[in-house]
Amino acid sequence: MKLKKRVSISDKKVLLIAIVALGISISLFSILFIHADVNIWEGYSILFTRGFGINYIWRTFTRFIPLFLLGLAFLVPAKAKLWNVGGFGQFALGATGAVAITYFLGGLSSWAIIPIMAIVSMIVGMAWAFIPAYLNAKWDVNEIVTTIMFNYIAIQLISYLTIGGPLQEPGGAPRTEHIPAQAYMPEILGTRVPWMIIIPIVIAIILIFFFKRTSLGYEIEVSGASFTSAEYMGVNYTKVAVLSFVIGGALAGLAGFSWLTTTVGYVEVDIIPTWGYMAIAFGLFSALNIVATAFYSFIITGILVGSDLIMRLTPMGSGVPLTLIGIIFIVTTALQVFRIFEVDLRG
Amino acid sequence: MEALLFRILKASILLMIPAVGELFNQRSGNLNIGIEGMMLFGVLSTIVVGDITGNIWLAVLGGMAAGGILGLLNAFMAVSLRVDQVASGLGIWILSLGATTYFGAGYWGRSPVRLPTFSIGRASFTPMLIIAPILVFVVWWVLERTQFGLKVRSTGEDPRIAEVWGTDVFRLRYLGMIVSGVMAGLGGAYLITHYTTIWAPELTAGRGWIALALVFFSLHKAKYVGLSSLFFGAVWILALQIPGWIGGNIQLIRAIPYAATVIVLFAFRFFYKTSEEPDSLGVPYFRE
Amino acid sequence: MPDEEYAFQMKNIEKKYLSTGVVANKSVDFDGKYGEVHSLVGENGSGKTTLMLVLSGFYSPDKGDIFIEGEKFKFKSPKSAIKKGIGMVHQERHLIPSHTVIENILLGHGRDRDRLNLKEAERKINEICNKYSFDLDLYERLENLSASEKQLVEIIKVLFHDAKIIILDEPASVLTPQEQEKFLESVKGLAEDGACVILISHKLPIVMNVSDRITVLRDGNVVNTVTPEMTSYEELANMMVGKDEMFYVEREKAKKGSEILRVDDLSALNDKGQEAFNVSFTVHENEIFTVVGVSGNGQRELVETVAGLRKPTGGKIMLRDKDITNFSIRDRIEIGVEYLPAEKILRGIIVDFDLSKNFAMNRHRDRDYSKRGIIDWDMIKKSCEESITDFEVKASGIGTMAGHLSGGNIQKLLLARTLTHCKDLLIAEDPTQGLDVRAANFTRERLIDFKEGNKGVLLVTGNLDEALEISDRIAPIYEGEIQEVIPAEEASKEKIGRLITGSSEWVE
């Protein structure tokens, strides 16, 4: 097998690779169904109707919000070639911060409390991303390791706050109190989709504009594409690096806020989802293209939701969603070789 | 007091094994983000093989083999396909999380085989107590005292130059990833056959990630892995005790190893203006 | 002399670079004897490094044969050449910075399963060091050593591997003048001990001092092989650069305008921490001021310092009475200074971006193209289209990826971008390197057009013909110092050839 690095690749080809990867992965699900003695058609039908069917798609839209935001949280720093693996911790702390603020301002009305919570979550996310960002920009400390460490420190911090700590709910359960009723994100009338769905779409549009048309966005892209060219242009790399990382942190924090206010309503260590890690794949697989990331996030979210239902409606036990997602990731990762290289299978 | 010491030792051994495997791997230039997943699969395989054969040693081998296979998969993606190692490792981790929960459902709450133990005084030890330090020594010796190890280290720093001087970069990087997987699997086997002996989903509780931190904390030197494991193991265990002694909080104390890793990495760069991290860590190699 | 008595012989070697199509060696015969120092001399691009890369196993020749002690050999890799006793010390280090000296020397020695016998290695290395009075701490990390010490490590490594044919590629470039003397003693010592030493260098004082034979390469061909006794500096320099045969087009002497750039006692360090250059000169309106020299004499660092990429260690840079020494790159661009880099792909062009996106580099904050941080892509695209038509960049539309362009067109794109926008002073580094004749001439025409708009060009090149053809004043540089500033009418290839090879140090 001979590999030659591609100079560029047409969007069509990228799309093709993505579709083929999804196709292969989804077909592999059948093996799981067979192993569990579940009828293949039944399995796929639950997966797709519950994930994408008209009556159920609201759930996918709801989960799409935090997942897409997390995808963007990885994507923005990645444009500067920085790997933000800390989405998980920024997400969790963002949610925690949002809950915490309701302890003090819980009396405010929806119009006040929701934006305040959102802002707090973004600030917390930014703060949590700042240290790894600065350490990397100034001293070249490996940001993959530091952000992973910060994820774990975040868990410990939340553990402390919610188990025997200041945020614990009075009943003794290892979690925070529920957020007040008016803090939950209201839904679009008639559907069960939260209004918040607009936010990631607006943010995505802003980001597309940012990278396509602003000087700063341009500088970030140049820094990521070629460090030496950025140097040639006199770009202040530290500024650019920290900025992009911190934006990522803010987005992850906001994702935490959306998870909090559209689904669970409280924070407990054991229920924090691992989406932050999953969302990394969205950005990587879409070659940092924002629109592609949106589609990817949506499809994966749908499969997550659908497979969650498979767990409940069939004898298949827990672990199904992550297994399916894991299969998609490995197959898609492996197929990235076709995106990066021209592959000559004969050689 | 003794009991505490023994628990610390056990915790250290559990971390030492996957850490030293990953250290070898990282010296060759790879980053195995999937360690946690490989450990999980090691745990599950150990149970399954132990259940089928009833033989502890085959079970342990089963665990090692499971880790090795995942290591091979990661090697294929990282070295041959040259895809991003963070992505391939995460994929393996997520898949393992799901698959071990799913396939392991039938084994919840059970632990078929145990490691043999021998007693000294009131404490019972397993052969691992001796094997783990030996593994660390072997890795140190191979890396620092053989031509082979010199080539491994060179591959992690600058594979192009290593190749000029006759190194088979691909072979070494494959080996590194497989060794990391096998050691992670062995760690998982130890976990389920002695450390806790009761299987539950996500049993490893992030220890694979701690092992990854350990490698960085040890400044990528095999000779520090033993001490680092003791440190991390001690903090982990003592975190339960310290509140009783001087007052403090378990969870925050448990954050110390992670924070310490970040501080150590920063301090080294700040004071020495250099890093111990292999220069080509995580960078796929193409011969132009 | 019978074939077996030669350490090596190279016969009819031809080597073409596939990527550029340039024929680096055009049928070269070259040989070496044990116990001699045979120097290989030539300008940039004469083919000397390529020839030695063929001998040391890095390249296989397209045509021709290599004989080692009379036996024909085909080297498949550097390692097989090492096995045959050939060791090359390159211009860039082939060592690992974070490893110690002794580890670097031992890498690749023996079989994989061997123990690293440090004691044994120490003994052998110390023997070598004592013999040639090398002084090194074997357990020091390589990255902490000076540039000349690092080179020493590579030499020791080559000796440790029992090399009997030792090739040194421009070794003097990392040495201070004081270190050079000691180094030459060592080189003579190596030959006295029976090795065949091949020295690649353009520094004629060194070459005349230490060689038993000297072979001059020019444009991929051997000009002649001589001994120091039977030749002179003048003759060598002439052989290297060729005679003034072309009739240079009589250009109307442009009226030199007012001063644009003034450089006073400017100095800076190179990447290895040594002083790279110390110069003073001026560039005026309507003038092309050319710094010419063999690469490695400080030109690169000079250009980077004037462009703002390198911090000076002393001196001043004035642009029309403004002190811009500490100006940021952004500010320099704003005041009218632009840099056309030699390493186009590394610095100037991003292969993954399309043409218009590349065109925006350094323009993305210009008042013409952006308002308050928002880029006006329509303006940029328009300007880009005009420029690429003007400069004849062959591409199928401005949406093409830069990486799809041929090398020559990438250069033209860079030229287009820089010339279209440069308001005052252009710093052009090797602007025609790698271009075919038509493209090169086109570029030179454009540079002349540019300067005639009351602007100035600081040109840096290693191409003497080019310097003579388009310059108004020529400043040959050698070891970081401008030897003389010569008006174009008084310049000749012989004169420049002497100055860039260190004639100031010639002692006949």
# chains A, B, ... in the order shown; residues from 1 in each chain; ligands from 1
>>> residues_around(residues="B:Val136", least_positions_apart="4", cutoff="9 Å", atoms="only C-alpha atoms", output="number ranges by chain")
B: 16-17, 20-21, 131-132, 140-141, 222-223, 225-226
>>> interface_residues(of="chain B", to="chain C", cutoff="8 Å", atoms="only C-alpha atoms", output="ChimeraX atom specification")
/B:144-148,150-151,154,157-158,161-162,164-167
>>> atom_distance(atom1="atom CA of A:Phe130", atom2="atom CA of B:Thr261")
16.9 Å
>>> residues_around(residues="stretch 174-180 of chain C", least_positions_apart="3", cutoff="8 Å", atoms="only C-alpha atoms", output="ChimeraX atom specification")
/C:147-148,151,171,183-184
>>> write_last_selection(atoms="N, CA and C atoms", output="compact mmCIF listing (two decimals), in the first residue's frame")
# COMPACT_ATOMS: atom_id res chain seq x y z
N ALA C 147 27.63 25.10 18.12
CA ALA C 147 27.50 24.59 16.75
C ALA C 147 28.74 23.83 16.32
N SER C 148 29.91 24.36 16.64
CA SER C 148 31.12 23.67 16.19
C SER C 148 31.31 22.37 16.96
N GLN C 151 29.21 19.74 15.40
CA GLN C 151 29.82 19.22 14.18
C GLN C 151 30.92 18.24 14.53
N PRO C 171 32.26 22.48 6.30
CA PRO C 171 32.42 22.42 7.76
C PRO C 171 32.77 23.78 8.37
N PHE C 183 40.78 23.49 13.39
CA PHE C 183 40.06 22.53 12.59
C PHE C 183 40.89 22.05 11.41
N LEU C 184 41.56 22.97 10.76
CA LEU C 184 42.38 22.60 9.61
C LEU C 184 43.49 21.65 10.02
>>> closest_residue(among="C:Ile482, C:Leu464, C:Ala360, C:Val207", to="chain A", atoms="only C-alpha atoms")
C:Ala360
>>> interface_residues(of="chain B", to="chain A", cutoff="9 Å", atoms="only C-alpha atoms", output="ChimeraX atom specification")
/B:76-78,81-84,86-103,105,201,206,209-210,212-213,216,249-259,261-262,265-266,269-270,273,275,277,286,288
>>> select_by_dssp(residues="stretch 126-286 of chain C", states="strand (DSSP E)", output="PyMOL selection string")
chain C and resi 165-169+196-200+213-218+221-226+259-269+275-284
>>> write_last_selection(atoms="C-alpha atoms", output="short mmCIF file (atom, residue, chain, number, x, y, z; two decimals), in the first residue's frame")
data_model
loop_
_atom_site.label_atom_id
_atom_site.label_comp_id
_atom_site.auth_asym_id
_atom_site.auth_seq_id
_atom_site.Cartn_x
_atom_site.Cartn_y
_atom_site.Cartn_z
CA ILE C 165 36.62 8.02 3.37
CA ILE C 166 35.48 11.12 5.21
CA ILE C 167 33.37 13.76 3.49
CA LEU C 168 32.97 17.16 5.12
CA ASP C 169 30.29 19.45 3.63
CA CYS C 196 40.76 10.00 2.31
CA VAL C 197 39.26 13.36 3.19
CA ILE C 198 36.88 15.14 0.83
CA LEU C 199 36.31 18.74 1.77
CA ILE C 200 33.42 20.64 0.21
CA ARG C 213 44.11 18.37 -4.78
CA ILE C 214 41.30 20.73 -5.71
CA THR C 215 38.45 19.94 -8.11
CA VAL C 216 36.22 22.76 -9.31
CA LEU C 217 32.61 22.08 -10.25
CA ARG C 218 30.47 24.48 -12.18
CA ASN C 221 30.37 19.68 -14.65
CA VAL C 222 33.98 19.32 -13.60
CA VAL C 223 35.97 22.33 -14.75
CA ASN C 224 39.37 21.09 -13.73
CA THR C 225 41.34 19.31 -11.04
CA VAL C 226 44.46 21.09 -9.84
CA GLU C 259 17.88 57.26 0.25
CA ILE C 260 15.22 54.78 1.30
CA LEU C 261 16.98 52.30 3.51
CA ARG C 262 19.95 52.92 5.72
CA VAL C 263 21.56 50.13 7.68
CA ASP C 264 24.20 51.14 10.23
CA ASP C 265 26.43 48.58 11.93
CA LEU C 266 23.60 46.15 11.93
CA SER C 267 24.35 42.78 13.44
CA ALA C 268 22.41 39.75 14.56
CA LEU C 269 22.99 36.21 15.71
CA GLU C 275 27.22 36.51 15.06
CA ALA C 276 25.93 36.03 11.55
CA PHE C 277 26.72 39.40 10.08
CA ASN C 278 27.78 42.97 10.75
CA VAL C 279 27.08 45.37 7.92
CA SER C 280 26.34 48.93 6.88
CA PHE C 281 24.85 50.01 3.58
CA THR C 282 22.16 52.07 1.92
CA VAL C 283 19.49 51.46 -0.69
CA HIS C 284 18.12 54.30 -2.78
#
>>> atom_distance(atom1="atom CA of A:Ile54", atom2="atom CA of A:Ser297")
18.2 Å
>>> interface_residues(of="chain C", to="chain A", cutoff="12 Å", atoms="only C-alpha atoms", output="ChimeraX atom specification")
/C:304-305,307-310,327-333,338-354,357-358,360-367,369-378,380,399-405
>>> atom_distance(atom1="atom CA of A:Ala18", atom2="atom CA of A:Ala252")
24.7 Å
>>> residues_around(residues="A:Ile179", least_positions_apart="4", cutoff="10 Å", atoms="only C-alpha atoms", output="CSV table (one decimal) with N, CA and C atoms, in the first residue's frame")
chain,number,residue,atom,x,y,z
A,98,ALA,N,-23.5,27.1,36.3
A,98,ALA,CA,-24.8,27.6,36.1
A,98,ALA,C,-25.7,27.2,37.2
A,99,VAL,N,-25.6,26.0,37.8
A,99,VAL,CA,-26.4,25.6,38.9
A,99,VAL,C,-26.1,26.5,40.1
A,100,ALA,N,-24.8,26.7,40.3
A,100,ALA,CA,-24.4,27.4,41.5
A,100,ALA,C,-25.0,28.8,41.5
A,101,ILE,N,-25.0,29.4,40.4
A,101,ILE,CA,-25.5,30.8,40.3
A,101,ILE,C,-27.0,30.9,40.7
A,102,THR,N,-27.7,29.7,40.5
A,102,THR,CA,-29.1,29.8,40.8
A,102,THR,C,-29.3,29.7,42.3
A,103,TYR,N,-28.3,29.3,43.0
A,103,TYR,CA,-28.4,29.3,44.5
A,103,TYR,C,-28.5,30.7,45.0
A,106,GLY,N,-31.8,32.6,42.4
A,106,GLY,CA,-32.8,31.7,42.0
A,106,GLY,C,-34.2,32.4,41.9
A,183,ALA,N,-35.8,28.2,35.4
A,183,ALA,CA,-34.5,28.2,34.8
A,183,ALA,C,-34.4,27.1,33.7
A,184,TYR,N,-35.4,26.3,33.6
A,184,TYR,CA,-35.4,25.3,32.5
A,184,TYR,C,-35.6,26.0,31.2
A,260,LEU,N,-27.8,21.1,31.0
A,260,LEU,CA,-28.4,21.2,32.3
A,260,LEU,C,-29.8,21.7,32.2
A,261,THR,N,-30.1,22.7,31.4
A,261,THR,CA,-31.4,23.3,31.3
A,261,THR,C,-32.4,22.7,30.4
A,264,VAL,N,-31.4,17.4,32.3
A,264,VAL,CA,-31.4,16.9,33.7
A,264,VAL,C,-31.8,17.9,34.8
A,265,GLY,N,-31.3,19.1,34.7
A,265,GLY,CA,-31.7,20.0,35.7
A,265,GLY,C,-30.9,20.0,37.0
A,266,TYR,N,-29.9,19.2,37.1
A,266,TYR,CA,-29.0,19.2,38.2
A,266,TYR,C,-27.7,18.6,37.8
A,267,VAL,N,-26.7,18.7,38.7
A,267,VAL,CA,-25.4,18.1,38.4
A,267,VAL,C,-25.0,17.1,39.4
>>> residues_around(residues="A:Ile57", least_positions_apart="2", cutoff="12 Å", atoms="only C-alpha atoms", output="list in words")
Leu47, Phe48, Thr49, Arg50, Gly51, Phe52, Gly53, Ile54, Asn55, Arg59, Thr60, Phe61, Thr62, Arg63, Phe64, Thr191, Arg192, Val193, Phe298, Ile299, Thr301, Gly302, Ile303, Leu304, Val305 and Gly306 of chain A
>>> write_last_selection(atoms="N, CA and C atoms", output="JSON list (two decimals), in the first residue's frame")
[["chain", "number", "residue", "atom", "x", "y", "z"],
["A", 47, "LEU", "N", -33.66, 2.03, 15.84],
["A", 47, "LEU", "CA", -32.56, 2.99, 15.80],
["A", 47, "LEU", "C", -32.93, 4.23, 15.00],
["A", 48, "PHE", "N", -33.52, 4.00, 13.83],
["A", 48, "PHE", "CA", -33.76, 5.15, 12.96],
["A", 48, "PHE", "C", -35.05, 5.88, 13.27],
["A", 49, "THR", "N", -36.08, 5.13, 13.66],
["A", 49, "THR", "CA", -37.31, 5.87, 13.95],
["A", 49, "THR", "C", -37.18, 6.63, 15.25],
["A", 50, "ARG", "N", -36.54, 6.03, 16.22],
["A", 50, "ARG", "CA", -36.41, 6.73, 17.49],
["A", 50, "ARG", "C", -35.36, 7.83, 17.44],
["A", 51, "GLY", "N", -34.45, 7.65, 16.51],
["A", 51, "GLY", "CA", -33.44, 8.68, 16.42],
["A", 51, "GLY", "C", -33.86, 9.82, 15.52],
["A", 52, "PHE", "N", -34.55, 9.45, 14.43],
["A", 52, "PHE", "CA", -34.82, 10.47, 13.42],
["A", 52, "PHE", "C", -36.28, 10.59, 13.02],
["A", 53, "GLY", "N", -37.11, 9.68, 13.54],
["A", 53, "GLY", "CA", -38.50, 9.71, 13.14],
["A", 53, "GLY", "C", -39.19, 10.97, 13.62],
["A", 54, "ILE", "N", -40.22, 11.37, 12.89],
["A", 54, "ILE", "CA", -40.90, 12.65, 13.16],
["A", 54, "ILE", "C", -41.35, 12.77, 14.61],
["A", 55, "ASN", "N", -41.89, 11.71, 15.14],
["A", 55, "ASN", "CA", -42.43, 11.82, 16.49],
["A", 55, "ASN", "C", -41.36, 11.89, 17.56],
["A", 59, "ARG", "N", -36.09, 14.70, 20.53],
["A", 59, "ARG", "CA", -35.05, 14.31, 21.48],
["A", 59, "ARG", "C", -33.67, 14.50, 20.86],
["A", 60, "THR", "N", -33.60, 14.16, 19.58],
["A", 60, "THR", "CA", -32.32, 14.33, 18.90],
["A", 60, "THR", "C", -31.96, 15.80, 18.82],
["A", 61, "PHE", "N", -32.94, 16.62, 18.49],
["A", 61, "PHE", "CA", -32.64, 18.05, 18.43],
["A", 61, "PHE", "C", -32.18, 18.57, 19.78],
["A", 62, "THR", "N", -32.80, 18.09, 20.82],
["A", 62, "THR", "CA", -32.42, 18.54, 22.16],
["A", 62, "THR", "C", -30.98, 18.16, 22.47],
["A", 63, "ARG", "N", -30.63, 16.90, 22.22],
["A", 63, "ARG", "CA", -29.29, 16.46, 22.54],
["A", 63, "ARG", "C", -28.27, 17.05, 21.57],
["A", 64, "PHE", "N", -28.76, 17.40, 20.39],
["A", 64, "PHE", "CA", -27.87, 17.96, 19.38],
["A", 64, "PHE", "C", -27.21, 19.25, 19.88],
["A", 191, "THR", "N", -43.82, 21.69, 19.76],
["A", 191, "THR", "CA", -42.79, 20.66, 19.69],
["A", 191, "THR", "C", -42.25, 20.48, 21.09],
["A", 192, "ARG", "N", -41.28, 19.60, 21.24],
["A", 192, "ARG", "CA", -40.65, 19.55, 22.55],
["A", 192, "ARG", "C", -39.20, 19.98, 22.42],
["A", 193, "VAL", "N", -38.97, 20.77, 21.36],
["A", 193, "VAL", "CA", -37.60, 21.22, 21.09],
["A", 193, "VAL", "C", -37.36, 22.54, 21.80],
["A", 298, "PHE", "N", -25.26, 15.93, 14.23],
["A", 298, "PHE", "CA", -26.67, 15.58, 14.21],
["A", 298, "PHE", "C", -26.86, 14.08, 14.01],
["A", 299, "ILE", "N", -26.13, 13.54, 13.07],
["A", 299, "ILE", "CA", -26.29, 12.11, 12.80],
["A", 299, "ILE", "C", -25.86, 11.26, 13.98],
["A", 301, "THR", "N", -25.75, 12.17, 17.06],
["A", 301, "THR", "CA", -26.71, 12.35, 18.14],
["A", 301, "THR", "C", -27.92, 11.47, 17.92],
["A", 302, "GLY", "N", -28.39, 11.46, 16.67],
["A", 302, "GLY", "CA", -29.54, 10.63, 16.36],
["A", 302, "GLY", "C", -29.26, 9.16, 16.67],
["A", 303, "ILE", "N", -28.09, 8.72, 16.32],
["A", 303, "ILE", "CA", -27.75, 7.31, 16.58],
["A", 303, "ILE", "C", -27.64, 7.06, 18.07],
["A", 304, "LEU", "N", -27.09, 8.02, 18.78],
["A", 304, "LEU", "CA", -27.00, 7.89, 20.23],
["A", 304, "LEU", "C", -28.39, 7.74, 20.84],
["A", 305, "VAL", "N", -29.27, 8.65, 20.44],
["A", 305, "VAL", "CA", -30.63, 8.62, 20.98],
["A", 305, "VAL", "C", -31.33, 7.32, 20.60],
["A", 306, "GLY", "N", -31.23, 6.98, 19.31],
["A", 306, "GLY", "CA", -31.87, 5.76, 18.84],
["A", 306, "GLY", "C", -31.35, 4.54, 19.57]]
>>> residues_around(residues="C:Leu459", least_positions_apart="2", cutoff="12 Å", atoms="only C-alpha atoms", output="short mmCIF file (atom, residue, chain, number, x, y, z; two decimals) with N, CA and C atoms, in the first residue's frame")
data_model
loop_
_atom_site.label_atom_id
_atom_site.label_comp_id
_atom_site.auth_asym_id
_atom_site.auth_seq_id
_atom_site.Cartn_x
_atom_site.Cartn_y
_atom_site.Cartn_z
N VAL C 283 20.21 51.78 0.54
CA VAL C 283 19.49 51.46 -0.69
C VAL C 283 18.69 52.70 -1.08
N GLU C 287 16.78 52.02 -7.41
CA GLU C 287 18.02 51.25 -7.35
C GLU C 287 17.75 49.81 -6.93
N ILE C 288 18.49 48.89 -7.54
CA ILE C 288 18.54 47.53 -7.03
C ILE C 288 19.91 47.34 -6.41
N PHE C 289 19.90 47.18 -5.10
CA PHE C 289 21.15 46.99 -4.36
C PHE C 289 21.26 45.50 -4.06
N THR C 290 22.30 44.87 -4.56
CA THR C 290 22.38 43.42 -4.45
C THR C 290 23.47 42.96 -3.50
N VAL C 291 23.06 42.16 -2.54
CA VAL C 291 24.04 41.47 -1.69
C VAL C 291 24.23 40.10 -2.30
N VAL C 292 25.45 39.83 -2.76
CA VAL C 292 25.66 38.56 -3.46
C VAL C 292 26.71 37.75 -2.70
N GLY C 293 26.50 36.45 -2.68
CA GLY C 293 27.46 35.61 -1.99
C GLY C 293 27.01 34.16 -2.00
N GLN C 299 23.70 36.07 4.68
CA GLN C 299 22.68 36.81 3.94
C GLN C 299 21.28 36.53 4.45
N ARG C 300 21.04 35.24 4.72
CA ARG C 300 19.71 34.87 5.19
C ARG C 300 19.35 35.64 6.46
N LEU C 302 20.65 38.38 7.54
CA LEU C 302 20.55 39.82 7.25
C LEU C 302 19.17 40.16 6.74
N VAL C 303 18.73 39.38 5.80
CA VAL C 303 17.40 39.62 5.23
C VAL C 303 16.32 39.52 6.29
N VAL C 306 16.36 42.67 8.53
CA VAL C 306 15.78 43.87 7.92
C VAL C 306 14.27 43.71 7.78
N GLU C 338 8.47 45.24 2.28
CA GLU C 338 7.92 43.90 2.05
C GLU C 338 9.04 42.92 1.79
N TYR C 339 8.75 41.68 2.15
CA TYR C 339 9.79 40.65 2.08
C TYR C 339 9.32 39.53 1.18
N LEU C 340 10.12 39.21 0.20
CA LEU C 340 9.85 38.09 -0.70
C LEU C 340 10.81 36.98 -0.30
N PRO C 341 10.33 35.98 0.43
CA PRO C 341 11.26 35.01 1.02
C PRO C 341 11.78 34.00 0.02
N ALA C 342 12.93 33.42 0.32
CA ALA C 342 13.49 32.37 -0.52
C ALA C 342 12.70 31.09 -0.34
N LEU C 425 10.14 49.68 -0.12
CA LEU C 425 11.35 48.88 -0.19
C LEU C 425 10.99 47.40 -0.31
N LEU C 426 11.52 46.76 -1.32
CA LEU C 426 11.29 45.33 -1.48
C LEU C 426 12.56 44.59 -1.10
N ILE C 427 12.42 43.59 -0.25
CA ILE C 427 13.55 42.72 0.05
C ILE C 427 13.30 41.42 -0.69
N ALA C 428 14.11 41.14 -1.69
CA ALA C 428 13.88 39.95 -2.49
C ALA C 428 15.01 38.96 -2.26
N GLU C 429 14.67 37.76 -1.83
CA GLU C 429 15.66 36.75 -1.50
C GLU C 429 15.58 35.62 -2.52
N ASP C 430 16.64 35.44 -3.28
CA ASP C 430 16.69 34.37 -4.27
C ASP C 430 15.41 34.32 -5.12
N PRO C 431 15.02 35.40 -5.76
CA PRO C 431 13.72 35.44 -6.42
C PRO C 431 13.58 34.52 -7.63
N THR C 432 14.70 34.14 -8.24
CA THR C 432 14.55 33.31 -9.44
C THR C 432 15.03 31.89 -9.24
N ARG C 444 12.99 39.08 -13.40
CA ARG C 444 13.97 40.16 -13.34
C ARG C 444 13.45 41.42 -13.99
N LEU C 447 11.25 43.11 -11.57
CA LEU C 447 11.98 43.78 -10.50
C LEU C 447 12.49 45.13 -10.98
N ILE C 448 12.95 45.17 -12.22
CA ILE C 448 13.44 46.42 -12.76
C ILE C 448 12.30 47.42 -12.92
N LYS C 451 11.49 48.86 -9.47
CA LYS C 451 12.36 49.86 -8.87
C LYS C 451 12.27 51.19 -9.61
N GLY C 456 12.80 51.04 -4.08
CA GLY C 456 14.12 50.42 -3.95
C GLY C 456 14.01 48.93 -3.73
N VAL C 457 15.05 48.21 -4.18
CA VAL C 457 15.07 46.76 -4.00
C VAL C 457 16.36 46.36 -3.32
N THR C 461 21.11 37.34 -3.53
CA THR C 461 21.13 36.21 -4.44
C THR C 461 22.48 35.52 -4.42
N GLY C 462 22.51 34.27 -4.91
CA GLY C 462 23.77 33.56 -5.03
C GLY C 462 24.15 33.44 -6.48
N ASN C 463 23.32 34.02 -7.33
CA ASN C 463 23.50 33.90 -8.77
C ASN C 463 24.24 35.12 -9.30
N LEU C 464 25.49 34.93 -9.64
CA LEU C 464 26.32 36.07 -10.05
C LEU C 464 25.84 36.72 -11.33
N GLU C 466 22.88 36.92 -12.44
CA GLU C 466 21.70 37.73 -12.12
C GLU C 466 22.11 39.04 -11.48
N ALA C 467 23.03 38.93 -10.54
CA ALA C 467 23.49 40.14 -9.86
C ALA C 467 24.04 41.14 -10.87
N LEU C 468 24.86 40.64 -11.77
CA LEU C 468 25.47 41.54 -12.74
C LEU C 468 24.45 42.11 -13.70
N ILE C 470 21.08 42.79 -13.33
CA ILE C 470 20.06 43.78 -12.96
C ILE C 470 20.44 44.74 -11.85
N SER C 471 21.60 44.57 -11.25
CA SER C 471 21.92 45.43 -10.11
C SER C 471 22.39 46.81 -10.55
N ASP C 472 22.17 47.74 -9.63
CA ASP C 472 22.79 49.05 -9.81
C ASP C 472 24.06 49.14 -8.99
N ARG C 473 24.02 48.53 -7.80
CA ARG C 473 25.24 48.41 -7.00
C ARG C 473 25.29 46.98 -6.46
N ILE C 474 26.51 46.46 -6.37
CA ILE C 474 26.67 45.08 -5.92
C ILE C 474 27.54 45.03 -4.68
N ALA C 475 27.11 44.28 -3.69
CA ALA C 475 27.87 44.16 -2.45
C ALA C 475 28.15 42.69 -2.16
N PRO C 476 29.32 42.20 -2.54
CA PRO C 476 29.64 40.81 -2.23
C PRO C 476 29.81 40.64 -0.73
#
>>> residues_around(residues="C:Lys423", least_positions_apart="3", cutoff="8 Å", atoms="only C-alpha atoms", output="PyMOL selection string")
chain C and resi 335-337+455
>>> select_by_dssp(residues="stretch 123-311 of chain A", states="alpha helix (DSSP H)", output="ChimeraX atom specification")
/A:123-139,143-162,198-213,215-225,227-232,237-259,275-285,290-311
